[in-house]
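Okay, input_18.txt now, which holds compact mmCIF, C-alpha atoms:
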# COMPACT_ATOMS: atom_id res chain seq x y z
CA MET A 1 10.83 88.10 49.29
CA ARG A 2 11.97 91.03 51.38
CA GLN A 3 15.73 90.90 51.99
CA ALA A 4 17.18 90.94 55.52
CA VAL A 5 20.59 92.57 55.74
CA ILE A 6 23.38 93.05 58.27
CA VAL A 7 24.23 96.69 58.88
CA ASP A 8 26.75 96.18 61.69
CA ILE A 9 28.19 93.57 64.06
CA VAL A 10 30.15 94.30 67.22
CA ARG A 11 31.59 92.33 70.10
CA THR A 12 33.56 92.79 73.26
CA PRO A 13 37.07 91.41 73.41
CA SER A 14 37.31 87.89 74.79
CA GLY A 15 38.22 87.65 78.47
CA LYS A 16 39.37 84.53 80.25
CA GLY A 17 36.29 83.05 81.90
CA LYS A 18 37.70 82.64 85.36
CA PRO A 19 38.24 84.83 88.43
CA GLY A 20 40.87 87.41 87.57
CA GLY A 21 40.06 87.34 83.85
CA ALA A 22 40.03 90.72 82.14
CA LEU A 23 36.22 90.89 82.06
CA SER A 24 35.47 88.94 85.23
CA GLY A 25 34.88 92.17 87.14
CA VAL A 26 32.13 93.26 84.74
CA HIS A 27 28.53 92.20 85.36
CA PRO A 28 27.15 90.27 82.32
CA VAL A 29 24.32 92.80 81.98
CA GLU A 30 26.93 95.54 81.57
CA LEU A 31 28.89 93.46 79.05
CA TYR A 32 25.81 93.11 76.89
CA ALA A 33 24.67 96.70 77.39
CA THR A 34 28.09 97.82 76.10
CA VAL A 35 27.58 96.23 72.68
CA LEU A 36 23.96 97.38 72.44
CA ARG A 37 24.98 101.01 73.04
CA ALA A 38 27.81 100.67 70.53
CA LEU A 39 25.46 99.44 67.78
CA ALA A 40 23.21 102.47 68.14
CA GLU A 41 26.08 104.96 68.45
CA ARG A 42 28.14 103.60 65.57
CA ASN A 43 25.17 103.76 63.22
CA ASN A 44 23.56 106.97 64.52
CA LEU A 45 20.42 104.94 65.12
CA ASP A 46 17.60 105.94 67.44
CA PRO A 47 17.35 102.80 69.63
CA GLY A 48 13.64 103.46 70.00
CA ARG A 49 13.27 102.19 66.43
CA VAL A 50 14.49 98.71 67.40
CA GLU A 51 11.43 96.46 67.52
CA ASP A 52 12.98 93.55 69.39
CA VAL A 53 16.27 92.39 70.90
CA ILE A 54 16.74 88.62 70.59
CA THR A 55 19.48 87.39 72.89
CA GLY A 56 21.40 84.14 73.12
CA CYS A 57 22.53 83.02 76.57
CA VAL A 58 23.23 79.48 77.77
CA GLY A 59 23.70 79.96 81.51
CA GLN A 60 20.36 81.60 82.31
CA ALA A 61 20.93 81.55 86.06
CA GLY A 62 22.30 83.85 88.73
CA GLN A 63 23.37 87.17 87.23
CA GLN A 64 22.20 85.99 83.77
CA ALA A 65 18.69 85.00 84.89
CA LEU A 66 15.29 86.61 84.33
CA ASN A 67 15.67 87.56 80.64
CA ILE A 68 19.09 89.21 80.54
CA GLY A 69 18.21 90.64 77.12
CA ARG A 70 15.54 92.90 78.61
CA THR A 71 17.73 93.85 81.57
CA ALA A 72 20.56 94.85 79.24
CA VAL A 73 18.22 96.97 77.10
CA LEU A 74 17.35 98.95 80.22
CA ALA A 75 21.00 99.09 81.32
CA ALA A 76 21.98 100.45 77.91
CA GLY A 77 19.64 103.39 78.45
CA TRP A 78 17.41 102.39 75.57
CA PRO A 79 13.72 103.38 75.70
CA GLU A 80 11.50 101.24 77.89
CA SER A 81 9.40 100.56 74.80
CA VAL A 82 12.12 98.27 73.34
CA PRO A 83 11.29 94.62 74.19
CA ALA A 84 13.70 91.70 74.38
CA THR A 85 13.74 87.95 74.77
CA THR A 86 16.45 85.47 75.73
CA ILE A 87 16.83 82.08 74.03
CA ASP A 88 18.94 78.95 74.46
CA ARG A 89 20.17 76.72 71.66
CA GLN A 90 23.29 75.96 73.63
CA CYS A 91 26.51 77.10 71.90
CA GLY A 92 24.54 78.26 68.86
CA SER A 93 22.23 80.52 70.85
CA SER A 94 23.24 83.83 69.27
CA GLN A 95 23.43 82.31 65.80
CA GLN A 96 19.86 81.17 66.36
CA ALA A 97 19.04 84.69 67.53
CA VAL A 98 20.35 85.92 64.18
CA HIS A 99 18.15 83.39 62.37
CA PHE A 100 15.04 84.47 64.26
CA ALA A 101 15.85 88.15 63.70
CA ALA A 102 16.53 87.83 59.98
CA GLN A 103 13.57 85.53 59.40
CA GLY A 104 11.33 88.00 61.23
CA VAL A 105 12.49 90.78 58.92
CA MET A 106 11.97 88.62 55.84
CA ALA A 107 8.47 87.70 57.03
CA GLY A 108 7.58 91.35 57.61
CA ALA A 109 7.29 91.04 61.39
CA TYR A 110 10.18 93.46 61.98
CA ASP A 111 11.76 96.41 60.20
CA ILE A 112 14.71 96.75 62.58
CA VAL A 113 15.85 94.12 65.09
CA VAL A 114 18.97 93.38 67.12
CA ALA A 115 20.31 89.87 67.61
CA GLY A 116 22.87 89.45 70.36
CA GLY A 117 24.44 87.16 72.88
CA VAL A 118 26.25 87.20 76.19
CA GLU A 119 28.04 84.83 78.52
CA SER A 120 30.08 85.53 81.63
CA MET A 121 31.60 82.13 82.32
CA SER A 122 33.65 83.56 85.18
CA ARG A 123 30.45 84.57 87.01
CA VAL A 124 28.00 81.91 85.82
CA PRO A 125 30.06 78.73 85.38
CA MET A 126 29.21 76.30 82.59
CA GLY A 127 26.67 73.73 83.73
CA VAL A 128 25.64 75.59 86.86
CA THR A 129 21.98 75.55 85.81
CA ALA A 130 22.00 71.73 85.77
CA MET A 131 24.21 71.11 88.79
CA GLY A 132 22.84 68.26 90.89
CA GLN A 133 19.75 67.92 88.70
CA ASP A 134 18.36 65.10 86.58
CA THR A 135 18.00 67.01 83.31
CA GLN A 136 17.09 64.02 81.12
CA GLY A 137 14.23 62.24 82.83
CA PRO A 138 13.32 58.56 82.58
CA SER A 139 12.40 58.42 78.88
CA VAL A 140 15.78 59.70 77.66
CA ALA A 141 17.51 57.36 80.10
CA ARG A 142 15.59 54.43 78.63
CA ARG A 143 16.40 55.51 75.08
CA TYR A 144 20.13 55.82 75.87
CA PRO A 145 20.64 53.21 78.60
CA GLU A 146 24.44 53.48 78.61
CA GLY A 147 24.12 57.21 79.17
CA LEU A 148 25.19 60.27 77.21
CA VAL A 149 28.55 61.90 77.87
CA ASN A 150 30.02 65.36 78.24
CA GLN A 151 31.22 67.24 75.19
CA GLY A 152 34.88 66.51 75.87
CA VAL A 153 34.27 62.78 75.64
CA SER A 154 32.18 63.37 72.52
CA ALA A 155 35.17 65.17 71.01
CA GLU A 156 37.31 62.13 71.86
CA LEU A 157 34.83 59.86 70.07
CA ILE A 158 34.89 62.11 66.99
CA ALA A 159 38.70 62.16 66.93
CA GLN A 160 38.69 58.36 67.04
CA LYS A 161 36.00 57.97 64.37
CA TRP A 162 37.74 60.30 61.91
CA GLY A 163 41.24 59.07 62.72
CA LEU A 164 42.49 62.43 63.98
CA SER A 165 45.76 61.99 65.83
CA ARG A 166 46.87 64.02 68.85
CA GLU A 167 49.56 65.55 66.64
CA ARG A 168 46.98 66.65 64.04
CA LEU A 169 44.75 68.19 66.70
CA ASP A 170 47.63 70.10 68.27
CA GLU A 171 48.91 71.31 64.90
CA TYR A 172 45.46 72.64 64.05
CA SER A 173 45.15 74.32 67.45
CA ALA A 174 48.52 76.04 67.10
CA ARG A 175 47.35 77.25 63.68
CA SER A 176 44.31 78.86 65.31
CA HIS A 177 46.50 80.89 67.68
CA ARG A 178 48.91 81.82 64.89
CA LEU A 179 46.17 83.10 62.57
CA ALA A 180 44.41 84.99 65.36
CA ALA A 181 47.66 86.58 66.51
CA GLU A 182 48.54 87.64 62.97
CA THR A 183 45.07 89.12 62.45
CA ALA A 184 45.19 90.98 65.76
CA LYS A 185 48.65 92.38 65.01
CA ALA A 186 47.44 93.64 61.62
CA GLY A 187 44.39 95.32 63.21
CA GLY A 188 41.97 92.85 61.65
CA PHE A 189 39.75 92.66 64.71
CA ASP A 190 39.66 96.40 65.40
CA GLY A 191 36.48 97.02 63.43
CA GLU A 192 34.47 94.44 65.37
CA ILE A 193 35.73 94.96 68.94
CA VAL A 194 34.14 97.44 71.33
CA PRO A 195 36.45 98.15 74.31
CA VAL A 196 35.21 97.42 77.82
CA ASP A 197 36.75 99.65 80.51
CA ALA A 198 39.77 100.28 78.23
CA PHE A 199 40.25 96.55 77.66
CA ALA A 200 40.31 96.18 73.86
CA ALA A 201 42.23 93.00 72.92
CA ASP A 202 41.36 89.31 73.11
CA GLU A 203 42.93 87.90 76.25
CA THR A 204 42.69 84.31 75.05
CA ILE A 205 45.11 84.51 72.10
CA ARG A 206 48.51 82.95 72.86
CA ALA A 207 50.85 83.97 70.06
CA ALA A 208 53.70 81.77 71.27
CA THR A 209 51.65 78.54 71.06
CA THR A 210 53.31 75.71 69.14
CA PRO A 211 52.39 72.07 68.55
CA GLU A 212 55.31 71.16 70.77
CA SER A 213 54.04 73.24 73.69
CA LEU A 214 50.55 71.76 73.29
CA ALA A 215 51.95 68.23 73.22
CA ALA A 216 53.01 68.61 76.85
CA LEU A 217 49.41 68.96 78.08
CA ARG A 218 47.58 66.03 79.63
CA PRO A 219 44.22 64.72 78.35
CA ALA A 220 41.42 66.54 80.14
CA PHE A 221 38.60 63.97 80.03
CA ASP A 222 40.39 60.70 80.77
CA THR A 223 38.66 59.41 83.92
CA PRO A 224 38.49 55.85 85.29
CA GLU A 225 34.75 55.74 84.57
CA MET A 226 35.12 56.84 80.95
CA ARG A 227 38.20 54.66 80.43
CA GLU A 228 36.19 51.63 81.52
CA ARG A 229 33.33 52.54 79.19
CA PHE A 230 35.53 53.39 76.20
CA PRO A 231 38.62 51.18 76.55
CA ASP A 232 39.74 51.77 72.95
CA LEU A 233 40.05 55.56 73.16
CA ASP A 234 43.54 57.08 73.00
CA TRP A 235 42.47 60.17 75.04
CA ARG A 236 43.85 63.07 73.04
CA ILE A 237 41.60 66.06 73.95
CA THR A 238 43.39 68.59 76.17
CA ALA A 239 42.85 72.15 77.34
CA GLY A 240 45.11 73.20 74.47
CA ASN A 241 43.05 71.71 71.63
CA SER A 242 39.75 72.85 73.19
CA SER A 243 38.17 76.29 73.36
CA PRO A 244 38.81 78.12 76.64
CA LEU A 245 36.14 79.27 79.09
CA THR A 246 35.43 82.86 78.07
CA ASP A 247 33.54 86.03 78.99
CA GLY A 248 32.07 88.18 76.21
CA ALA A 249 29.09 89.73 74.45
CA SER A 250 28.16 90.43 70.84
CA ALA A 251 25.35 92.05 68.84
CA ALA A 252 24.22 92.47 65.24
CA LEU A 253 22.01 95.17 63.73
CA ILE A 254 19.64 93.55 61.24
CA MET A 255 16.94 95.23 59.16
CA GLY A 256 15.10 95.15 55.89
CA GLU A 257 17.23 96.18 52.94
CA ASP A 258 14.58 98.78 52.09
CA VAL A 259 14.80 100.19 55.63
CA ALA A 260 18.57 100.47 55.49
CA GLU A 261 18.32 102.36 52.21
CA ARG A 262 15.69 104.69 53.62
CA LEU A 263 17.85 105.45 56.68
CA GLY A 264 21.01 105.93 54.65
CA LEU A 265 22.74 102.95 56.27
CA ARG A 266 25.05 100.64 54.33
CA ALA A 267 23.86 97.05 54.01
CA ARG A 268 27.04 95.01 54.40
CA ALA A 269 25.63 91.55 53.75
CA ARG A 270 22.36 89.78 53.11
CA PHE A 271 21.14 86.47 54.43
CA HIS A 272 21.18 83.84 51.73
CA ALA A 273 20.10 80.62 53.49
CA PHE A 274 19.46 79.12 56.95
CA ALA A 275 19.41 75.60 58.32
CA VAL A 276 19.31 73.80 61.64
CA ALA A 277 19.90 70.09 62.15
CA GLY A 278 20.06 67.43 64.83
CA ASP A 279 22.42 64.46 64.99
CA ASP A 280 23.65 61.70 67.31
CA PRO A 281 23.58 63.12 70.89
CA LEU A 282 26.38 60.77 71.98
CA LEU A 283 28.81 62.10 69.37
CA MET A 284 26.95 65.41 69.97
CA LEU A 285 29.32 67.67 67.97
CA THR A 286 28.82 66.25 64.46
CA ALA A 287 25.60 68.08 63.52
CA PRO A 288 27.50 70.86 61.63
CA ILE A 289 28.01 68.28 58.88
CA PRO A 290 24.31 67.66 58.03
CA ALA A 291 23.45 71.30 58.80
CA THR A 292 26.02 72.45 56.24
CA GLN A 293 24.79 69.99 53.65
CA ARG A 294 21.25 71.25 54.18
CA VAL A 295 22.12 74.95 54.02
CA LEU A 296 24.22 74.52 50.86
CA GLU A 297 21.32 72.69 49.20
CA ARG A 298 18.93 75.48 50.17
CA ALA A 299 21.38 78.10 48.92
CA GLY A 300 21.90 76.26 45.64
CA LEU A 301 25.67 76.42 46.19
CA GLY A 302 28.51 73.95 46.33
CA ILE A 303 31.24 74.13 48.94
CA ASP A 304 33.63 75.47 46.27
CA ALA A 305 31.46 78.59 45.89
CA ILE A 306 31.99 79.54 49.54
CA ASP A 307 34.85 81.99 50.09
CA ALA A 308 35.20 81.50 53.85
CA TYR A 309 33.73 79.13 56.38
CA GLU A 310 33.57 79.60 60.12
CA VAL A 311 33.15 76.26 61.90
CA ASN A 312 33.23 76.83 65.63
CA GLU A 313 36.31 75.37 67.27
CA ALA A 314 34.65 74.05 70.41
CA PHE A 315 37.24 71.28 70.13
CA ALA A 316 39.76 70.74 67.33
CA PRO A 317 38.12 67.50 66.03
CA VAL A 318 34.91 69.38 65.19
CA PRO A 319 36.18 71.54 62.28
CA LEU A 320 38.61 68.82 61.15
CA ALA A 321 35.87 66.17 60.89
CA TRP A 322 33.67 68.75 59.13
CA LEU A 323 36.47 69.49 56.66
CA ALA A 324 36.99 65.80 55.94
CA GLU A 325 33.30 65.21 55.25
CA LEU A 326 32.59 68.37 53.24
CA GLY A 327 35.79 68.31 51.18
CA GLY A 328 36.52 71.97 51.84
CA ASP A 329 39.74 73.95 51.58
CA LEU A 330 41.74 74.29 54.81
CA GLU A 331 42.82 77.81 53.81
CA LYS A 332 39.18 78.93 53.87
CA LEU A 333 38.46 77.37 57.27
CA ASN A 334 38.49 79.83 60.17
CA PRO A 335 41.03 81.99 58.30
CA ARG A 336 41.42 84.45 61.20
CA GLY A 337 41.70 81.78 63.85
CA GLY A 338 38.82 80.29 65.77
CA ALA A 339 37.48 79.71 69.25
CA ILE A 340 40.56 77.76 70.37
CA ALA A 341 42.36 81.12 70.22
CA LEU A 342 39.56 83.69 70.27
CA GLY A 343 37.51 82.06 73.00
CA HIS A 344 34.02 80.63 73.23
CA PRO A 345 31.66 82.73 75.38
CA LEU A 346 28.84 80.26 74.68
CA GLY A 347 25.79 82.48 74.14
CA ALA A 348 27.81 85.19 72.37
CA SER A 349 29.89 82.98 70.07
CA GLY A 350 27.52 82.72 67.12
CA ILE A 351 27.56 86.44 66.42
CA ARG A 352 31.30 86.63 67.12
CA LEU A 353 31.88 84.12 64.34
CA MET A 354 29.58 85.99 61.97
CA GLY A 355 31.29 89.32 62.62
CA THR A 356 34.75 87.85 62.07
CA MET A 357 33.58 86.14 58.88
CA LEU A 358 31.99 89.31 57.52
CA HIS A 359 35.13 91.36 58.16
CA HIS A 360 37.21 88.71 56.40
CA LEU A 361 34.92 88.74 53.35
CA GLU A 362 35.14 92.52 53.21
CA ALA A 363 38.93 92.50 53.54
CA THR A 364 39.43 89.86 50.85
CA GLY A 365 36.60 90.68 48.44
CA GLY A 366 34.90 87.34 49.03
CA ARG A 367 31.23 86.93 48.21
CA TYR A 368 29.79 84.03 50.23
CA GLY A 369 30.46 83.04 53.82
CA LEU A 370 29.18 79.96 55.62
CA GLN A 371 28.97 79.63 59.39
CA THR A 372 28.09 76.58 61.46
CA MET A 373 28.33 75.64 65.13
CA CYS A 374 28.03 72.41 67.09
CA GLU A 375 25.58 72.61 69.98
CA GLY A 376 24.86 70.65 73.14
CA GLY A 377 22.44 67.78 72.68
CA GLY A 378 23.66 67.06 69.14
CA MET A 379 22.44 70.03 67.11
CA ALA A 380 23.84 72.70 64.79
CA ASN A 381 22.87 75.91 63.03
CA ALA A 382 24.22 76.83 59.60
CA THR A 383 23.97 80.17 57.82
CA VAL A 384 25.11 81.43 54.42
CA ILE A 385 25.57 85.19 54.00
CA GLU A 386 26.41 87.14 50.87
CA ARG A 387 28.63 90.20 51.14
CA LEU A 388 27.13 93.25 49.43
Here is the file; what I need is its structure written in the form of structure tokens.
Amino acid sequence: MRQAVIVDIVRTPSGKGKPGGALSGVHPVELYATVLRALAERNNLDPGRVEDVITGCVGQAGQQALNIGRTAVLAAGWPESVPATTIDRQCGSSQQAVHFAAQGVMAGAYDIVVAGGVESMSRVPMGVTAMGQDTQGPSVARRYPEGLVNQGVSAELIAQKWGLSRERLDEYSARSHRLAAETAKAGGFDGEIVPVDAFAADETIRAATTPESLAALRPAFDTPEMRERFPDLDWRITAGNSSPLTDGASAALIMGEDVAERLGLRARARFHAFAVAGDDPLLMLTAPIPATQRVLERAGLGIDAIDAYEVNEAFAPVPLAWLAELGGDLEKLNPRGGAIALGHPLGASGIRLMGTMLHHLEATGGRYGLQTMCEGGGMANATVIERL
């Protein structure tokens, strides 16, 4: 089978996703256009050769409506002949864009394709597309008569099921900030970040974070309604052990290995295996566990063969429950920090994780990397790449 390879991955820095955040003054189309231009310029690539731009975006409303992928292609100054589409698999949207792009190359549908993602949570707030709407309909309501819950409550249920104490969650979250701060100080993110209006560092990293400082925060999802429904919960999920609202964009240049060779471009990694899975929509954030099991089986690898794993830190219980079930090594888990420190710009996060993982493999000489993300509705993508 034809091999699909990664030639380059770039991202903007992470900006706080609220008014006054470092990227809040930048239109999401411009955020995304910035990384598209950077991909072409860094690789001396004629953008007219790109056959499609597959874009992840969750909040497809307001300034992110009407196929933001196509709008950003035009904003980037790329030829009008370059098409684009925008997709939504919730938090895994840009990881799914990578899957579609790589699978298209492997199938022979593309020679060169860009997968990307964008989210301006300061301009298009999370959930705005569903505000005031019945998004489930009567059949789902009948299937789940007690009702589904928001992701924060799902994280509480996971923490309870896996016996993860508030102290453990806060310790893990402080670790995320420490590792991200150490990586940033050593220049470890420099190769993946494209500055936006001279802003070139992740705004969401808090180097001074400690478990003690996190312990002072109040639970964020403890409401009278949820307390009545779940009287046994200890309520331990806070803003400090959750990923922050974030603005950002990311993009990956993917092509056939034969095309990269012909163009004189270095293939940095190849795609080894893909998987997507669904799981309990009440717990919602546990699907990375079966998705990982499936992708490892398809790759013919055990967890011990993986040199680094990126498990998105939507909330601290997610990677910790994953680690408990998969029997992995904590030192290999999000070794440069995760979304708790680096932010979670929904539609852009999948490619952010992949870029960080690839740079870590290159810096350490690792061979295999595994990435997985929990997604709204109880789903997850999983991908195994092999550094070349």
I'd like a table as a Markdown table: residues in region 162-201 of chain A with an atom no more than 8 Å from region 359-380 of chain A, each row giving the shortest atom pair and its distance in Å to one decimal, only C-alpha atoms counted, sorted by chain and rising residue number.
| residue | atom | partner | partner_atom | distance |
| --- | --- | --- | --- | --- |
| A:Gly188 | CA | A:His359 | CA | 7.8 |
| A:Gly191 | CA | A:His359 | CA | 7.9 |
| A:Glu192 | CA | A:His359 | CA | 7.9 |
Each residue of region 220-285 of chain A with at least one atom at most 10 Å from region 82-97 of chain A should appear once, together with its nearest atom pair and the corresponding distance in Å (one decimal); atoms considered: all atoms listed in the file; ordering: chain, then increasing residue number; output as CSV.
residue,atom,partner,partner_atom,distance
A:Ala249,CA,A:Ser94,CA,9.8
A:Ser250,CA,A:Ser94,CA,8.4
A:Ala251,CA,A:Ser94,CA,8.5
A:Ala252,CA,A:Ser94,CA,9.6
A:Phe274,CA,A:Gln96,CA,9.6
A:Ala275,CA,A:Gln96,CA,9.8
A:Val276,CA,A:Gln96,CA,8.8
**Message:** Counting all atoms listed in the file, which residues have an atom no more than 8 Å from (49.6, 74.6, 70.8) in the file's coordinates? Please list them as number ranges by chain.
**Reply:** A: 170-171, 173-175, 177, 209-215, 240-241
**Item:** Minimum-distance residue to Ser242 (chain A), chosen among A:Val50, A:Leu217, A:Met126, A:Val194 (using all atoms listed in the file)
**Value:**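 Smallest separation from Ser242 (chain A) among the options: A:Leu217.
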**Request:** Kindly give the distance, in Å, that separates CA of Arg266 (chain A) and CA of Gln3 (chain A), rounded to a single decimal.
**Result:**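 Distance reported for this atom pair: 13.7 Å.
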**Asked** A:Val5, A:Ala40, A:Leu233, A:Val140: which is nearest His272 (chain A), counting all atoms listed in the file?
**Response**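 Nearest candidate to His272 (chain A) out of A:Val5, A:Ala40, A:Leu233, A:Val140: A:Val5.
Of the residues under consideration (A:Glu331, A:Ala159, A:Gly15, A:Val196), A:Val196 shows the shortest atom-to-atom contact distance to Ala33 (chain A) when counting only C-alpha atoms.
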**Request:** Name the closest residue to Ala184 (chain A) among the candidates A:Gly327, A:Gly337, A:Pro317, A:Pro19; distances are taken between atoms, counting all atoms listed in the file.
**Result:** A:Gly337
**Request:** Could you check which of A:Leu358, A:Leu169, A:Leu253, A:Val113 is closest to Val35 (chain A), using all atoms listed in the file?
**Result:**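 Nearest to Val35 (chain A): A:Leu253.
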**Request:** List every protein, DNA or RNA residue that has an atom no more than 12 Å from (37.6, 98.9, 73.9) in the file's coordinate frame, counting all atoms listed in the file, and report them as a list in words.
**Result:**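 Using all atoms listed in the file, the matching residues come out as Val10, Arg11, Thr12, Pro13, Ser14, Ala22, Leu23, Leu31, Thr34, Val35, Ala38, Phe189, Asp190, Gly191, Glu192, Ile193, Val194, Pro195, Val196, Asp197, Ala198, Phe199, Ala200, Ala201 and Asp202 of chain A.
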**Request:** For each of A:Gln151, A:Gln293, A:Gln160, A:Thr183, take the minimum atom-to-atom distance to Arg236 (chain A), counting all atoms listed in the file, then give the residue where this is smallest.
**Result:**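 Under the stated criterion, the closest residue is A:Gln160.
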**Straight-line distance linking CA of Ala216 (chain A) with CA of Trp235 (chain A), stated in Å to one decimal** =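 Distance reported for this atom pair: 13.6 Å.
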**Request:** Using CA of Gly355 (chain A) and CA of Glu310 (chain A) as the two end points, give the distance in Å to one decimal.
**Result:** 10.3 Å
